[in-house]
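The structure appears right after this line, and notes come after that.
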Amino acid sequence: MEGFAGTQTVYVVQLGPWHRGRKASHEHHAIAFYKNDTLLKKYSTLDIVGRAESVSFSVSHYTVFAKVLGFRRPFGNQLIFDVQDHNGELLSFDTETGALLTKAEQDVAKRLYQARTKIGQIKWRWYEKNKGKMANINEFVITEEILRQFAPTDFPDLPQGYRYLPGTMWKPIRFQGEQN
């Protein structure tokens with residue numbers, strides 16, 4: 001069992017034991033994800049390997065994971081849990097949902113984090129330049145057009161299907177297309 005305690009959230013990953021036999025099964029527990037005592041997602045050994053024979057076994061037991069790499073924070077507050085299967089493939093799980101992440105999903109998450117950081121920097125520079133010129137600047141809605149006019153070469157390219165959602169200075173930066 002692995003755990004990660006945040007300031008208000010506790011994440012627990014429960015790993016299955018070495019199971020008797022030589023074949024993966026829907027009945028055998030491989031890994032489960034919990035957030036504050038709530039089960040998010042559970043995987044059987046067959047869910048993980050896909051084919052019953054794709055396991056590493058001893059005389060009487062088998063396993064589906066070669067290594068447990070554990071928790072990591074690849075960017076921002078995203079928390080990922082990694083394991084490696086016996087083929088050397090890295091399996092990365094989102095601890096917020098328990099979902100197994102594809103490489104493409106991880107790449108999009110990284111690009112959105114980088115874009116959010118860059119847009120935050122542009123917003124801050126815009127705010128510093130304009131805070132003395134406008135009444136109620138904290139209520140002013142900052143659009144992508146305003147940011148692009150302010151910093152024409154700095155605004156990041158977003159992944160296909162995503163666009164910046166206008167917001168006030170102190171609201172979190174959001175994108176249309178995100179699942180939140």
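Identifiers in this document derive from the order of the structure tokens: chains are assigned A, B, ..., residues are numbered from 1 separately in each chain, and ligands are numbered from 1 in order of occurrence.
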
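For region 37-74 of chain A, a DSSP pass over the backbone yields alpha helix (DSSP H) at Thr45, Leu46, Asp47, Ile48 and Val49 of chain A.
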
Output the selection as a PDB file, in the first residue's frame - C-alpha atoms for each residue.
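As written to disk, result31.pdb reads:
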```
ATOM      1  CA  THR A  45      -4.919  -8.283 -12.937  1.00  0.00           C
ATOM      2  CA  LEU A  46      -6.616  -9.027 -16.273  1.00  0.00           C
ATOM      3  CA  ASP A  47      -7.583  -5.333 -16.652  1.00  0.00           C
ATOM      4  CA  ILE A  48      -3.901  -4.444 -16.351  1.00  0.00           C
ATOM      5  CA  VAL A  49      -2.286  -7.036 -18.631  1.00  0.00           C
TER       6      VAL A  49
END
```

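Each of A:Leu15, A:Ala109, A:Val55, A:Leu101 was checked against Asn87 (chain A) using only C-alpha atoms; the smallest atom-to-atom distance is that of A:Val55.
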
Which of region 6-38 of chain A fall in strand (DSSP E or B), as a list in words: Val10, Tyr11, Val12, Val13, Gln14, Leu15, His19, Arg20, His29, Ala30, Ile31, Ala32, Phe33, Tyr34, Lys35 and Thr38 of chain A

Atomic separation - CA of Gln114 (chain A) relative to CA of Phe75 (chain A), Å: 8.5 Å

Pull the closest atom pair for each residue of region 79-172 of chain A that gets at most 12 Å from region 56-63 of chain A, along with the distance in Å to one decimal, counting only C-alpha atoms, ordering rows by chain and then ascending residue number, as JSON lines.
```
{"residue": "A:Gln84", "atom": "CA", "partner": "A:Thr63", "partner_atom": "CA", "distance": 11.5}
{"residue": "A:Asp85", "atom": "CA", "partner": "A:Thr63", "partner_atom": "CA", "distance": 9.2}
{"residue": "A:His86", "atom": "CA", "partner": "A:Ser56", "partner_atom": "CA", "distance": 6.8}
{"residue": "A:Asn87", "atom": "CA", "partner": "A:Ser56", "partner_atom": "CA", "distance": 9.7}
```

Go ahead and write the residues just picked, C-alpha atoms, as a PDB file, in the first residue's frame.
```pdb
ATOM      1  CA  GLN A  84       5.965  -0.696 -14.631  1.00  0.00           C
ATOM      2  CA  ASP A  85       4.658  -3.907 -16.144  1.00  0.00           C
ATOM      3  CA  HIS A  86       6.806  -6.924 -17.003  1.00  0.00           C
ATOM      4  CA  ASN A  87       7.180  -5.743 -20.613  1.00  0.00           C
TER       5      ASN A  87
END
```

Residue contacts of Ala151 (chain A) (10 Å, only C-alpha atoms) excluding same-chain residues fewer than 6 positions away, as number ranges by chain: A: 119, 122-123, 125-126, 145

Of the listed residues A:Lys41, A:Arg51, A:Lys35, A:Arg174, that which approaches Thr9 (chain A) most closely, counting only C-alpha atoms: A:Lys35

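Remark: for Ala115 (chain A), the closest of the candidate residues A:Pro156, A:Gly98, A:Gly16, A:Pro166 is A:Pro156 (distances computed over only C-alpha atoms).
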